[in-house]
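*Asks:* I have a structure I would like to understand better, so I am pasting it below and will then ask my questions one at a time.
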Protein chains: 2
Amino acid sequence: MKVAVDVVLFSYIEKTLNVLLIKRNIEPSKGKLTIPGVLLGENENAETAAIRALNDKASINLTIDYIEQLYTFTSLNRDPRERVISISYFGLIDSNNLKKFSNIYGDEVNWIDVSTLQTLQTKLGFDHNLIFNIALKRLRTKLRYEPIGFELLPDYFTLTELYDVYCTILDVKLDRRNFSRKINSYGLLNETQYKTKGHVGRRSKLYEFNISKFNELKSGENFYFEI
Amino acid sequence: MKVAVDVVLFSYIEKTLNVLLIKRNIEPSKGKLTIPGVLLGENENAETAAIRALNDKASINLTIDYIEQLYTFTSLNRDPRERVISISYFGLIDSNNLKKFSNIYGDEVNWIDVSTLQTLQTKLGFDHNLIFNIALKRLRTKLRYEPIGFELLPDYFTLTELYDVYCTILDVKLDRRNFSRKINSYGLLNETQYKTKGHVGRRSKLYEFNISKFNELKSGENFYFEI
DNA sequence: CCAAAAGTGTTAAGAGTACACCCATGC
DNA sequence: GCATGGGTGTACTCTTAACACTTTTGG
């Protein structure tokens, strides 16, 4: 019995939600898209292995903005070769942190638009459709109840960008005014002295996530974030 | 590297929340209380192993009312003998389904009151304090956002019993009238033709959980249970 | 001055919260 | 008739949801 760690990594690129998938160039599931994964090493914990999977398979190193354990899959025939259980993770990365892709396996690395993936009902390798679907569901739930939308954006971002992240991922048209009021009511955003530039139209204030305020609220009794 | 499956099983016994703990009679952690667990078998999935752990260690067989995966613990020194990762579960059982305890290992089987455990800051074996704390947190969160309180009660139960479950586990004094109104508003309870008997005071209506209604609501777009 | 994007206030409806008395039954 | 436990209505507050125009700036 082997233990693998697989990671569903999301990024928000050009106003769409994307997921990192690797086209395998060996059997089994040769030619299919899969989520990146590695076998858990003897001397590393699962989260370290998850980061290593991203590094080895997609050269994404040390810049994961958010990662959490998703679920552990243990059904018997996940891998046709032998039994492999998968401790899966889901993660978020700011697309500005993406580097050029290459990997040590020579597999093809792709950011795939989630809505396209769903429209085409693309068959991923192994049981990765299942893992991906659970990750997407978790992302949507988390986004509503914990302030993680920021993790898909640069350190300084506009309210409109954040608003767009929410609308895109939740696939709803939120009310722009209500969104601003709501998100401001938590006091989790600091207005910076900076503004956007280099585009037509009015300049937008840039905000940053107030992580110390977040930690303070989290440690209190009654903190319920909700969008 | 071995793979274990451990289960934090809760029950509601005589108006208190209890957790199933096993006093180990061999090293390591000899004499300490631990949550029940087994090694994952070559031909079983994790949930099956979780049920087996309860059966082997506490003769609780086929009557678990609710079980879900909790978290997978992978840190390097969980077990002093060799590396063991733990796929942990949390479960609920109606105390009426409890049988006499005996187990195939000769360990002592106990239902321990959760508030006592916390007051005494009892040290459990291995890293089981960590696992227990995460399970308790999950239980409290789930109870607020999913209708699982029923799983700790018999098939037919009174609103007062359900109310008591919520107050005890969440450790708050909810308003009895608001609770009734709220829980009824979801339409998840069927009033039965039965009433309590054999006690002083007014008879209470017995309700049952409407599982088909629950499945219907769950499959819809917008079902948000909350207490 | 026009097009593009940002920013903001008010009102109505619904949900949440706080609160206390009457009902049914056994003894 | 009294002690025990069950059951229920109302008023107030707060939150949510729906809705459109003005401001800033580049070209």
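Residues are named by chain letter and number: chains run A, B, ... in the order of the structure tokens, numbers start at 1 in each chain, and ligands are numbered from 1 in the order shown.
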Where does chain B meet chain A within 10 Å, residue by residue, with the nearest atom pair and distance in Å to one decimal for each, counting only C-alpha atoms, listed by chain and rising number, as CSV?
*Replies:*
residue,atom,partner,partner_atom,distance
B:Met1,CA,A:Glu42,CA,7.3
B:Lys2,CA,A:Met1,CA,9.0
B:Val3,CA,A:Val3,CA,8.8
B:Leu40,CA,A:Thr74,CA,9.6
B:Gly41,CA,A:Met1,CA,9.5
B:Glu42,CA,A:Met1,CA,7.3
B:Asn43,CA,A:Leu76,CA,6.8
B:Glu44,CA,A:Leu76,CA,7.2
B:Asn45,CA,A:Thr74,CA,5.3
B:Ala46,CA,A:Thr74,CA,5.9
B:Glu47,CA,A:Thr74,CA,8.6
B:Gln69,CA,A:Tyr71,CA,7.6
B:Leu70,CA,A:Tyr71,CA,8.4
B:Tyr71,CA,A:Tyr71,CA,7.2
B:Thr72,CA,A:Thr72,CA,7.0
B:Phe73,CA,A:Ala46,CA,8.2
B:Thr74,CA,A:Asn45,CA,5.3
B:Ser75,CA,A:Asn45,CA,5.3
B:Leu76,CA,A:Asn45,CA,6.6
B:Arg83,CA,A:Glu42,CA,8.2
B:Ile85,CA,A:Asn45,CA,9.3
B:Ile87,CA,A:Thr72,CA,7.4
B:Ser88,CA,A:Thr72,CA,9.7
*Asks:* Just the residues within 9 Å of stretch 191-208 of chain B, please, counting only C-alpha atoms (C1' of nucleotides), with nothing from its chain fewer than 3 positions along; format it as a list in words.
*Replies:*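 The residues that qualify are Phe150, Pro154, Asp155, Tyr156, Phe157, Thr158, Leu159, Thr160, Leu188 and Ile211 of chain B; DC23, DA24, DT25, DG26 and DC27 of chain C; DA3, DT4, DG5, DG6 and DG7 of chain D.
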*Asks:* Next, write the just-selected residues to a file, as a PDB file, in the first residue's frame, keeping C-alpha atoms (C1' of nucleotides) as the atom set.
*Replies:*
ATOM      1  CA  PHE B 150     -30.894  13.734  15.558  1.00  0.00           C
ATOM      2  CA  PRO B 154     -33.519   7.531  19.156  1.00  0.00           C
ATOM      3  CA  ASP B 155     -35.684   7.410  16.027  1.00  0.00           C
ATOM      4  CA  TYR B 156     -38.529   9.017  17.944  1.00  0.00           C
ATOM      5  CA  PHE B 157     -37.562  11.957  20.104  1.00  0.00           C
ATOM      6  CA  THR B 158     -39.056  15.053  21.679  1.00  0.00           C
ATOM      7  CA  LEU B 159     -38.235  18.636  20.821  1.00  0.00           C
ATOM      8  CA  THR B 160     -36.993  19.091  24.360  1.00  0.00           C
ATOM      9  CA  LEU B 188     -37.293  18.269   8.640  1.00  0.00           C
ATOM     10  CA  ILE B 211     -34.820  11.918   5.853  1.00  0.00           C
TER      11      ILE B 211
ATOM     12  C1'  DC C  23     -51.526  23.460  29.501  1.00  0.00           C
ATOM     13  C1'  DA C  24     -51.507  18.542  30.668  1.00  0.00           C
ATOM     14  C1'  DT C  25     -50.653  15.010  33.738  1.00  0.00           C
ATOM     15  C1'  DG C  26     -49.136  12.124  38.049  1.00  0.00           C
ATOM     16  C1'  DC C  27     -49.138  11.980  42.626  1.00  0.00           C
TER      17       DC C  27
ATOM     18  C1'  DA D   3     -45.286  20.018  41.257  1.00  0.00           C
ATOM     19  C1'  DT D   4     -43.309  18.783  36.947  1.00  0.00           C
ATOM     20  C1'  DG D   5     -42.400  19.309  32.346  1.00  0.00           C
ATOM     21  C1'  DG D   6     -44.473  20.801  27.571  1.00  0.00           C
ATOM     22  C1'  DG D   7     -45.910  24.055  24.582  1.00  0.00           C
TER      23       DG D   7
END
*Asks:* Show me which bits of chain D are within 7 Å of chain A, counting only C-alpha atoms (C1' of nucleotides), as a PyMOL selection string.
*Replies:* chain D and resi 24-26
*Asks:* Could you turn the residues from that selection into a file that holds N, CA and C atoms (P, O5', C5', C4', C3', O3' and C1' of nucleotides), as a PDB file, in the first residue's frame?
*Replies:*
ATOM      1  P    DT D  24     -14.697  63.699  -7.807  1.00  0.00           P
ATOM      2  O5'  DT D  24     -13.723  62.875  -8.750  1.00  0.00           O
ATOM      3  C5'  DT D  24     -13.131  61.669  -8.274  1.00  0.00           C
ATOM      4  C4'  DT D  24     -12.552  60.951  -9.461  1.00  0.00           C
ATOM      5  C3'  DT D  24     -11.492  61.729 -10.240  1.00  0.00           C
ATOM      6  O3'  DT D  24     -10.277  61.038 -10.059  1.00  0.00           O
ATOM      7  C1'  DT D  24     -12.994  60.593 -11.684  1.00  0.00           C
ATOM      8  P    DT D  25      -8.891  61.767 -10.324  1.00  0.00           P
ATOM      9  O5'  DT D  25      -8.598  61.397 -11.836  1.00  0.00           O
ATOM     10  C5'  DT D  25      -8.329  60.036 -12.161  1.00  0.00           C
ATOM     11  C4'  DT D  25      -8.570  59.801 -13.622  1.00  0.00           C
ATOM     12  C3'  DT D  25      -7.737  60.676 -14.577  1.00  0.00           C
ATOM     13  O3'  DT D  25      -6.666  59.889 -15.044  1.00  0.00           O
ATOM     14  C1'  DT D  25      -9.932  60.187 -15.375  1.00  0.00           C
ATOM     15  P    DG D  26      -5.576  60.458 -16.009  1.00  0.00           P
ATOM     16  O5'  DG D  26      -5.965  59.738 -17.356  1.00  0.00           O
ATOM     17  C5'  DG D  26      -6.231  58.323 -17.351  1.00  0.00           C
ATOM     18  C4'  DG D  26      -6.551  57.864 -18.762  1.00  0.00           C
ATOM     19  C3'  DG D  26      -5.628  58.407 -19.829  1.00  0.00           C
ATOM     20  O3'  DG D  26      -5.422  57.356 -20.768  1.00  0.00           O
ATOM     21  C1'  DG D  26      -7.848  59.210 -20.215  1.00  0.00           C
TER      22       DG D  26
END
*Asks:* Can you measure atom CA of B:Thr16 to atom CA of B:Val114 for me? One decimal in Å is fine.
*Replies:*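 Separating atom CA of B:Thr16 from atom CA of B:Val114 is a distance of 7.8 Å.
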*Asks:* I need the residues of stretch 155-211 of chain A that end up classed as helix (DSSP H, G or I) by DSSP on the backbone, written out as a PyMOL selection string.
*Replies:* chain A and resi 159-170+176-185+211
*Asks:* So that I can check the secondary structure, give me every residue of stretch 49-180 of chain B assigned strand (DSSP E) by backbone DSSP, as a list in words.
*Replies:* Tyr66, Ile67, Glu68, Gln69, Leu70, Tyr71, Thr72, Phe73, Val84, Ile85, Ser86, Ile87, Ser88, Tyr89, Phe90, Gly91, Leu92, Ile93, Glu108, Val109, Asn110, Trp111, Ile112 and Asp113 of chain B
*Asks:* Could you turn the residues from that selection into a file that holds N, CA, C and O atoms, as a short mmCIF file (atom, residue, chain, number, x, y, z; two decimals), in the first residue's frame?
*Replies:*
data_model
loop_
_atom_site.label_atom_id
_atom_site.label_comp_id
_atom_site.auth_asym_id
_atom_site.auth_seq_id
_atom_site.Cartn_x
_atom_site.Cartn_y
_atom_site.Cartn_z
N TYR B 66 -23.92 8.01 12.49
CA TYR B 66 -23.32 9.01 11.60
C TYR B 66 -21.82 8.85 11.68
O TYR B 66 -21.25 8.71 12.76
N ILE B 67 -21.18 8.89 10.53
CA ILE B 67 -19.71 8.87 10.54
C ILE B 67 -19.19 9.69 9.37
O ILE B 67 -19.78 9.67 8.28
N GLU B 68 -18.13 10.44 9.61
CA GLU B 68 -17.52 11.16 8.50
C GLU B 68 -16.03 11.30 8.76
O GLU B 68 -15.57 11.26 9.91
N GLN B 69 -15.30 11.46 7.68
CA GLN B 69 -13.86 11.59 7.82
C GLN B 69 -13.53 12.94 8.44
O GLN B 69 -14.16 13.95 8.13
N LEU B 70 -12.54 12.94 9.33
CA LEU B 70 -12.19 14.14 10.08
C LEU B 70 -10.94 14.81 9.52
O LEU B 70 -10.97 15.94 9.07
N TYR B 71 -9.85 14.09 9.55
CA TYR B 71 -8.56 14.67 9.15
C TYR B 71 -7.54 13.54 9.12
O TYR B 71 -7.71 12.54 9.82
N THR B 72 -6.51 13.73 8.33
CA THR B 72 -5.45 12.74 8.28
C THR B 72 -4.19 13.32 8.91
O THR B 72 -3.71 14.37 8.46
N PHE B 73 -3.70 12.68 9.94
CA PHE B 73 -2.54 13.16 10.69
C PHE B 73 -1.29 12.45 10.20
O PHE B 73 -1.25 11.22 10.17
N VAL B 84 3.39 6.05 11.85
CA VAL B 84 2.01 5.65 11.59
C VAL B 84 1.23 6.90 11.22
O VAL B 84 1.23 7.87 11.99
N ILE B 85 0.61 6.91 10.07
CA ILE B 85 -0.28 8.02 9.78
C ILE B 85 -1.70 7.61 10.17
O ILE B 85 -2.04 6.43 10.11
N SER B 86 -2.47 8.57 10.60
CA SER B 86 -3.81 8.27 11.08
C SER B 86 -4.87 8.97 10.25
O SER B 86 -4.91 10.20 10.19
N ILE B 87 -5.70 8.17 9.60
CA ILE B 87 -6.88 8.73 8.94
C ILE B 87 -7.97 8.69 10.00
O ILE B 87 -8.42 7.62 10.40
N SER B 88 -8.35 9.86 10.51
CA SER B 88 -9.28 9.84 11.63
C SER B 88 -10.70 10.19 11.20
O SER B 88 -10.92 10.91 10.24
N TYR B 89 -11.64 9.63 11.93
CA TYR B 89 -13.07 9.83 11.67
C TYR B 89 -13.73 10.38 12.91
O TYR B 89 -13.22 10.22 14.02
N PHE B 90 -14.88 11.00 12.70
CA PHE B 90 -15.69 11.32 13.87
C PHE B 90 -17.09 10.78 13.64
O PHE B 90 -17.59 10.77 12.51
N GLY B 91 -17.68 10.25 14.70
CA GLY B 91 -18.97 9.58 14.55
C GLY B 91 -19.90 9.87 15.70
O GLY B 91 -19.50 10.37 16.76
N LEU B 92 -21.16 9.59 15.46
CA LEU B 92 -22.21 9.79 16.46
C LEU B 92 -23.01 8.51 16.61
O LEU B 92 -23.25 7.80 15.63
N ILE B 93 -23.44 8.23 17.83
CA ILE B 93 -24.28 7.06 18.04
C ILE B 93 -25.33 7.38 19.10
O ILE B 93 -25.07 8.07 20.08
N GLU B 108 -9.79 -1.65 28.53
CA GLU B 108 -10.97 -1.16 29.22
C GLU B 108 -11.69 -0.13 28.34
O GLU B 108 -11.07 0.79 27.82
N VAL B 109 -12.98 -0.28 28.20
CA VAL B 109 -13.76 0.58 27.33
C VAL B 109 -14.60 1.54 28.17
O VAL B 109 -15.30 1.12 29.07
N ASN B 110 -14.50 2.82 27.87
CA ASN B 110 -15.18 3.81 28.70
C ASN B 110 -15.87 4.87 27.87
O ASN B 110 -15.33 5.33 26.87
N TRP B 111 -17.03 5.27 28.36
CA TRP B 111 -17.63 6.49 27.85
C TRP B 111 -17.29 7.59 28.84
O TRP B 111 -17.67 7.51 30.01
N ILE B 112 -16.56 8.60 28.37
CA ILE B 112 -16.10 9.65 29.25
C ILE B 112 -16.84 10.94 28.94
O ILE B 112 -16.94 11.34 27.77
N ASP B 113 -17.31 11.57 29.98
CA ASP B 113 -18.00 12.85 29.84
C ASP B 113 -17.02 13.90 29.31
O ASP B 113 -15.94 14.11 29.88
#
